[in-house]
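Structure file coords_38.pdb with PDB, C-alpha atoms and all ligand atoms:
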```pdb
ATOM      1  CA  MET A   1     -28.493  35.148 -39.749  1.00  0.00           C
ATOM      2  CA  GLU A   2     -26.512  33.694 -42.618  1.00  0.00           C
ATOM      3  CA  ALA A   3     -23.225  34.261 -40.803  1.00  0.00           C
ATOM      4  CA  LYS A   4     -24.650  32.614 -37.688  1.00  0.00           C
ATOM      5  CA  ALA A   5     -25.756  29.587 -39.741  1.00  0.00           C
ATOM      6  CA  ARG A   6     -22.260  29.328 -41.255  1.00  0.00           C
ATOM      7  CA  ARG A   7     -20.648  29.419 -37.793  1.00  0.00           C
ATOM      8  CA  LEU A   8     -23.064  26.754 -36.553  1.00  0.00           C
ATOM      9  CA  TRP A   9     -22.278  24.549 -39.551  1.00  0.00           C
ATOM     10  CA  SER A  10     -18.552  25.015 -38.993  1.00  0.00           C
ATOM     11  CA  GLU A  11     -18.933  24.125 -35.300  1.00  0.00           C
ATOM     12  CA  LEU A  12     -20.880  20.968 -36.173  1.00  0.00           C
ATOM     13  CA  ARG A  13     -18.259  19.902 -38.737  1.00  0.00           C
ATOM     14  CA  ARG A  14     -15.510  20.312 -36.131  1.00  0.00           C
ATOM     15  CA  TRP A  15     -17.595  18.257 -33.684  1.00  0.00           C
ATOM     16  CA  ARG A  16     -18.075  15.502 -36.283  1.00  0.00           C
ATOM     17  CA  ARG A  17     -14.320  15.416 -37.013  1.00  0.00           C
ATOM     18  CA  ALA A  18     -13.720  15.046 -33.253  1.00  0.00           C
ATOM     19  CA  GLY A  19     -15.980  11.989 -33.156  1.00  0.00           C
ATOM     20  CA  TYR A  20     -19.103  13.651 -31.701  1.00  0.00           C
ATOM     21  CA  LYS A  21     -17.535  13.722 -28.237  1.00  0.00           C
ATOM     22  CA  LEU A  22     -19.314  15.501 -25.394  1.00  0.00           C
ATOM     23  CA  VAL A  23     -17.835  16.839 -22.182  1.00  0.00           C
ATOM     24  CA  ASP A  24     -18.978  15.565 -18.811  1.00  0.00           C
ATOM     25  CA  ARG A  25     -21.369  17.526 -16.613  1.00  0.00           C
ATOM     26  CA  ALA A  26     -18.555  19.012 -14.481  1.00  0.00           C
ATOM     27  CA  GLU A  27     -16.733  20.446 -17.526  1.00  0.00           C
ATOM     28  CA  ARG A  28     -19.978  21.774 -18.971  1.00  0.00           C
ATOM     29  CA  GLU A  29     -20.714  23.504 -15.639  1.00  0.00           C
ATOM     30  CA  ARG A  30     -17.191  24.953 -15.499  1.00  0.00           C
ATOM     31  CA  ARG A  31     -17.641  26.401 -18.995  1.00  0.00           C
ATOM     32  CA  LEU A  32     -21.058  27.798 -18.133  1.00  0.00           C
ATOM     33  CA  GLN A  33     -19.682  29.555 -15.047  1.00  0.00           C
ATOM     34  CA  LEU A  34     -17.006  31.206 -17.198  1.00  0.00           C
ATOM     35  CA  CYS A  35     -19.605  32.307 -19.747  1.00  0.00           C
ATOM     36  CA  ALA A  36     -21.934  33.593 -17.022  1.00  0.00           C
ATOM     37  CA  VAL A  37     -19.382  36.234 -15.968  1.00  0.00           C
ATOM     38  CA  CYS A  38     -18.374  37.127 -19.528  1.00  0.00           C
ATOM     39  CA  PRO A  39     -19.634  40.473 -20.895  1.00  0.00           C
ATOM     40  CA  HIS A  40     -20.400  38.763 -24.215  1.00  0.00           C
ATOM     41  CA  TYR A  41     -22.874  36.321 -22.668  1.00  0.00           C
ATOM     42  CA  ALA A  42     -26.629  36.979 -22.850  1.00  0.00           C
ATOM     43  CA  ALA A  43     -28.457  34.543 -20.569  1.00  0.00           C
ATOM     44  CA  ARG A  44     -31.820  35.363 -22.193  1.00  0.00           C
ATOM     45  CA  GLY A  45     -30.537  35.250 -25.778  1.00  0.00           C
ATOM     46  CA  ASN A  46     -31.603  32.611 -28.299  1.00  0.00           C
ATOM     47  CA  LEU A  47     -35.125  32.466 -26.804  1.00  0.00           C
ATOM     48  CA  GLY A  48     -33.770  31.829 -23.308  1.00  0.00           C
ATOM     49  CA  LEU A  49     -31.267  29.164 -24.380  1.00  0.00           C
ATOM     50  CA  GLY A  50     -28.379  31.518 -23.639  1.00  0.00           C
ATOM     51  CA  GLN A  51     -26.208  33.161 -26.250  1.00  0.00           C
ATOM     52  CA  CYS A  52     -22.574  33.951 -26.778  1.00  0.00           C
ATOM     53  CA  GLN A  53     -22.877  37.253 -28.593  1.00  0.00           C
ATOM     54  CA  LEU A  54     -19.599  36.646 -30.421  1.00  0.00           C
ATOM     55  CA  CYS A  55     -20.429  33.333 -32.078  1.00  0.00           C
ATOM     56  CA  GLY A  56     -24.211  33.328 -31.568  1.00  0.00           C
ATOM     57  CA  CYS A  57     -24.229  29.815 -30.136  1.00  0.00           C
ATOM     58  CA  THR A  58     -26.587  28.639 -27.404  1.00  0.00           C
ATOM     59  CA  ARG A  59     -25.527  26.975 -24.161  1.00  0.00           C
ATOM     60  CA  ALA A  60     -25.750  23.672 -26.063  1.00  0.00           C
ATOM     61  CA  LYS A  61     -22.304  24.456 -27.496  1.00  0.00           C
ATOM     62  CA  LEU A  62     -20.873  24.033 -24.011  1.00  0.00           C
ATOM     63  CA  TRP A  63     -21.479  20.278 -24.258  1.00  0.00           C
ATOM     64  CA  LEU A  64     -19.344  19.855 -27.380  1.00  0.00           C
ATOM     65  CA  ALA A  65     -15.841  18.646 -26.550  1.00  0.00           C
ATOM     66  CA  SER A  66     -14.533  20.202 -29.763  1.00  0.00           C
ATOM     67  CA  ALA A  67     -15.971  23.663 -29.027  1.00  0.00           C
ATOM     68  CA  ARG A  68     -13.763  26.571 -28.038  1.00  0.00           C
ATOM     69  CA  CYS A  69     -14.554  29.993 -26.626  1.00  0.00           C
ATOM     70  CA  PRO A  70     -14.101  32.678 -29.340  1.00  0.00           C
ATOM     71  CA  HIS A  71     -13.178  35.525 -26.942  1.00  0.00           C
ATOM     72  CA  PRO A  72     -10.912  37.962 -28.833  1.00  0.00           C
ATOM     73  CA  GLU A  73      -8.613  38.490 -25.853  1.00  0.00           C
ATOM     74  CA  GLY A  74      -8.025  34.777 -25.419  1.00  0.00           C
ATOM     75  CA  ALA A  75     -10.316  31.806 -25.001  1.00  0.00           C
ATOM     76  CA  ARG A  76     -11.942  31.592 -21.558  1.00  0.00           C
ATOM     77  CA  TRP A  77     -12.211  27.848 -22.078  1.00  0.00           C
ATOM     78  CA  GLU A  78     -10.684  25.488 -24.596  1.00  0.00           C
ATOM     79  CA  ALA A  79     -11.712  22.396 -26.504  1.00  0.00           C
ATOM     80  CA  SER A  80     -11.317  19.169 -24.519  1.00  0.00           C
ATOM     81  CA  THR A  81     -10.405  16.790 -27.347  1.00  0.00           C
TER      82      THR A  81
HETATM   83  S1  LIG B   1     -16.836  34.783 -25.452  1.00  0.00           S
HETATM   84 FE1  LIG B   1     -16.409  32.788 -24.518  1.00  0.00          FE
HETATM   85  S2  LIG B   1     -16.818  33.051 -22.341  1.00  0.00           S
HETATM   86 FE2  LIG B   1     -17.782  34.743 -23.437  1.00  0.00          FE
HETATM   87  S3  LIG B   1     -19.888  34.072 -23.776  1.00  0.00           S
HETATM   88 FE3  LIG B   1     -18.693  33.543 -25.619  1.00  0.00          FE
HETATM   89  S4  LIG B   1     -18.028  31.429 -25.272  1.00  0.00           S
HETATM   90 FE4  LIG B   1     -18.671  32.249 -23.289  1.00  0.00          FE
END
```
What is this file in structure tokens?
Ligand code: SF4
Amino acid sequence: MEAKARRLWSELRRWRRAGYKLVDRAERERRLQLCAVCPHYAARGNLGLGQCQLCGCTRAKLWLASARCPHPEGARWEAST
């Protein structure tokens, strides 16, 4: 839990540095489709909010322009800042 809180804090700091930018609905949907076919994605995780099992984030992360997929074999989607 502590590690998850640290990752969340780090993600929020990166988002603040990027000026709190969000992606548009089309980019968010594109990211979600990539997550949906990823073996690390748990749609029912985080109390049904969706969960990347690598970083622990909910689907809300997909809105953050500064966010990046943490897949170890290469990001499935990149930051849009
Ligand atoms: S590793 Fe990337 S594509 Fe897979 S669930 Fe996490 S954020 Fe989504």
- Near Arg59 (chain A), counting all atoms listed in the file, which residues have an atom at most 9 Å away, once you skip same-chain residues fewer than 5 positions from it, shown as a VMD selection string? chain A and resid 32 43 49 to 52
- Task: With the file shown as input, list the residues that the PyMOL selection byres (((not hetatm)) within 6 of (chain B and resi 1)) selects, as a PyMOL selection string.
- Result: chain A and resi 34-35+38+40-41+52+54+69-71+76
- Task: Grab the CA of Cys55 (chain A) to CA of Tyr20 (chain A) distance for me, in Å with one decimal place.
- Result: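 These atoms are spaced 19.7 Å apart.
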- Task: Check what the PyMOL selection byres (((chain A and resi 12) around 12) and not hetatm) selects in the file above and give those residues as a list in words.
- Result: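 Written out, the selection comes to Ala5, Arg6, Arg7, Leu8, Trp9, Ser10, Glu11, Arg13, Arg14, Trp15, Arg16, Arg17, Ala18, Gly19, Tyr20, Lys21, Cys57, Ala60, Lys61, Trp63, Leu64, Ala65, Ser66 and Ala67 of chain A.
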- Item | Atomic separation - CA of Arg30 (chain A) relative to CA of Asn46 (chain A), Å |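 Here the two named atoms are 20.7 Å from each other.
Across A:Val37, A:Gly74, A:Ser80, A:Leu62, the tightest approach to Arg25 (chain A) is made by A:Leu62 when counting only C-alpha atoms.
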Listed atoms of region 38-53 of chain A boxed axis-aligned with 4 Å per side, centre + edges as lines of an AutoDock Vina configuration file:
```
center_x = -26.7
center_y = 34.8
center_z = -24.1
size_x = 24.8
size_y = 19.3
size_z = 17.1
```
- Query: Quick one, how far is CA of Ala75 (chain A) from CA of Val23 (chain A)?
  - Reply: 17.0 Å
Can you rebuild region 39-73 of chain A with N, CA and C atoms and give it as a short mmCIF file (atom, residue, chain, number, x, y, z; two decimals), keeping the file's coordinate frame?
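Heads up, here's the output in selection_17.cif:
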```cif
data_model
loop_
_atom_site.label_atom_id
_atom_site.label_comp_id
_atom_site.auth_asym_id
_atom_site.auth_seq_id
_atom_site.Cartn_x
_atom_site.Cartn_y
_atom_site.Cartn_z
N PRO A 39 -18.77 39.39 -20.39
CA PRO A 39 -19.63 40.47 -20.90
C PRO A 39 -20.28 40.15 -22.24
N HIS A 40 -19.82 39.13 -22.91
CA HIS A 40 -20.40 38.76 -24.22
C HIS A 40 -21.52 37.73 -24.09
N TYR A 41 -21.84 37.35 -22.86
CA TYR A 41 -22.87 36.32 -22.67
C TYR A 41 -24.23 36.96 -22.37
N ALA A 42 -25.26 36.51 -23.08
CA ALA A 42 -26.63 36.98 -22.85
C ALA A 42 -27.46 35.78 -22.41
N ALA A 43 -27.75 35.70 -21.12
CA ALA A 43 -28.46 34.54 -20.57
C ALA A 43 -29.83 34.36 -21.21
N ARG A 44 -30.47 35.46 -21.62
CA ARG A 44 -31.82 35.36 -22.19
C ARG A 44 -31.81 35.29 -23.72
N GLY A 45 -30.64 35.30 -24.31
CA GLY A 45 -30.54 35.25 -25.78
C GLY A 45 -30.99 33.91 -26.32
N ASN A 46 -31.16 33.86 -27.63
CA ASN A 46 -31.60 32.61 -28.30
C ASN A 46 -32.85 32.03 -27.63
N LEU A 47 -33.84 32.89 -27.40
CA LEU A 47 -35.12 32.47 -26.80
C LEU A 47 -34.94 31.81 -25.44
N GLY A 48 -33.98 32.34 -24.66
CA GLY A 48 -33.77 31.83 -23.31
C GLY A 48 -32.80 30.66 -23.23
N LEU A 49 -32.23 30.27 -24.37
CA LEU A 49 -31.27 29.16 -24.38
C LEU A 49 -29.85 29.64 -24.09
N GLY A 50 -29.70 30.96 -23.86
CA GLY A 50 -28.38 31.52 -23.64
C GLY A 50 -27.70 31.79 -24.96
N GLN A 51 -26.86 32.84 -24.99
CA GLN A 51 -26.21 33.16 -26.25
C GLN A 51 -24.86 33.81 -26.02
N CYS A 52 -23.86 33.26 -26.67
CA CYS A 52 -22.57 33.95 -26.78
C CYS A 52 -22.77 34.96 -27.89
N GLN A 53 -22.61 36.23 -27.59
CA GLN A 53 -22.88 37.25 -28.59
C GLN A 53 -21.76 37.36 -29.63
N LEU A 54 -20.67 36.65 -29.42
CA LEU A 54 -19.60 36.65 -30.42
C LEU A 54 -19.84 35.60 -31.49
N CYS A 55 -20.21 34.39 -31.08
CA CYS A 55 -20.43 33.33 -32.08
C CYS A 55 -21.91 33.07 -32.31
N GLY A 56 -22.77 33.52 -31.41
CA GLY A 56 -24.21 33.33 -31.57
C GLY A 56 -24.72 31.99 -31.05
N CYS A 57 -23.82 31.15 -30.56
CA CYS A 57 -24.23 29.82 -30.14
C CYS A 57 -25.03 29.84 -28.83
N THR A 58 -25.84 28.81 -28.65
CA THR A 58 -26.59 28.64 -27.40
C THR A 58 -25.70 27.92 -26.38
N ARG A 59 -26.26 27.73 -25.20
CA ARG A 59 -25.53 26.98 -24.16
C ARG A 59 -25.22 25.55 -24.61
N ALA A 60 -25.97 25.05 -25.59
CA ALA A 60 -25.75 23.67 -26.06
C ALA A 60 -24.31 23.47 -26.52
N LYS A 61 -23.70 24.55 -27.04
CA LYS A 61 -22.30 24.46 -27.50
C LYS A 61 -21.38 24.02 -26.37
N LEU A 62 -21.75 24.35 -25.15
CA LEU A 62 -20.87 24.03 -24.01
C LEU A 62 -20.69 22.54 -23.80
N TRP A 63 -21.60 21.74 -24.37
CA TRP A 63 -21.48 20.28 -24.26
C TRP A 63 -20.49 19.69 -25.25
N LEU A 64 -20.17 20.42 -26.31
CA LEU A 64 -19.34 19.86 -27.38
C LEU A 64 -17.87 19.88 -27.00
N ALA A 65 -17.25 18.71 -26.94
CA ALA A 65 -15.84 18.65 -26.55
C ALA A 65 -14.96 19.44 -27.50
N SER A 66 -15.35 19.51 -28.76
CA SER A 66 -14.53 20.20 -29.76
C SER A 66 -14.70 21.72 -29.74
N ALA A 67 -15.69 22.23 -29.01
CA ALA A 67 -15.97 23.66 -29.03
C ALA A 67 -14.91 24.44 -28.26
N ARG A 68 -14.75 25.70 -28.66
CA ARG A 68 -13.76 26.57 -28.04
C ARG A 68 -14.38 27.96 -27.91
N CYS A 69 -14.08 28.62 -26.83
CA CYS A 69 -14.55 29.99 -26.63
C CYS A 69 -13.88 30.92 -27.64
N PRO A 70 -14.67 31.79 -28.32
CA PRO A 70 -14.10 32.68 -29.34
C PRO A 70 -13.66 34.05 -28.81
N HIS A 71 -13.49 34.21 -27.51
CA HIS A 71 -13.18 35.52 -26.94
C HIS A 71 -11.94 36.12 -27.62
N PRO A 72 -12.03 37.37 -28.08
CA PRO A 72 -10.91 37.96 -28.83
C PRO A 72 -9.65 38.20 -28.00
N GLU A 73 -9.80 38.26 -26.70
CA GLU A 73 -8.61 38.49 -25.85
C GLU A 73 -8.05 37.18 -25.31
#
```
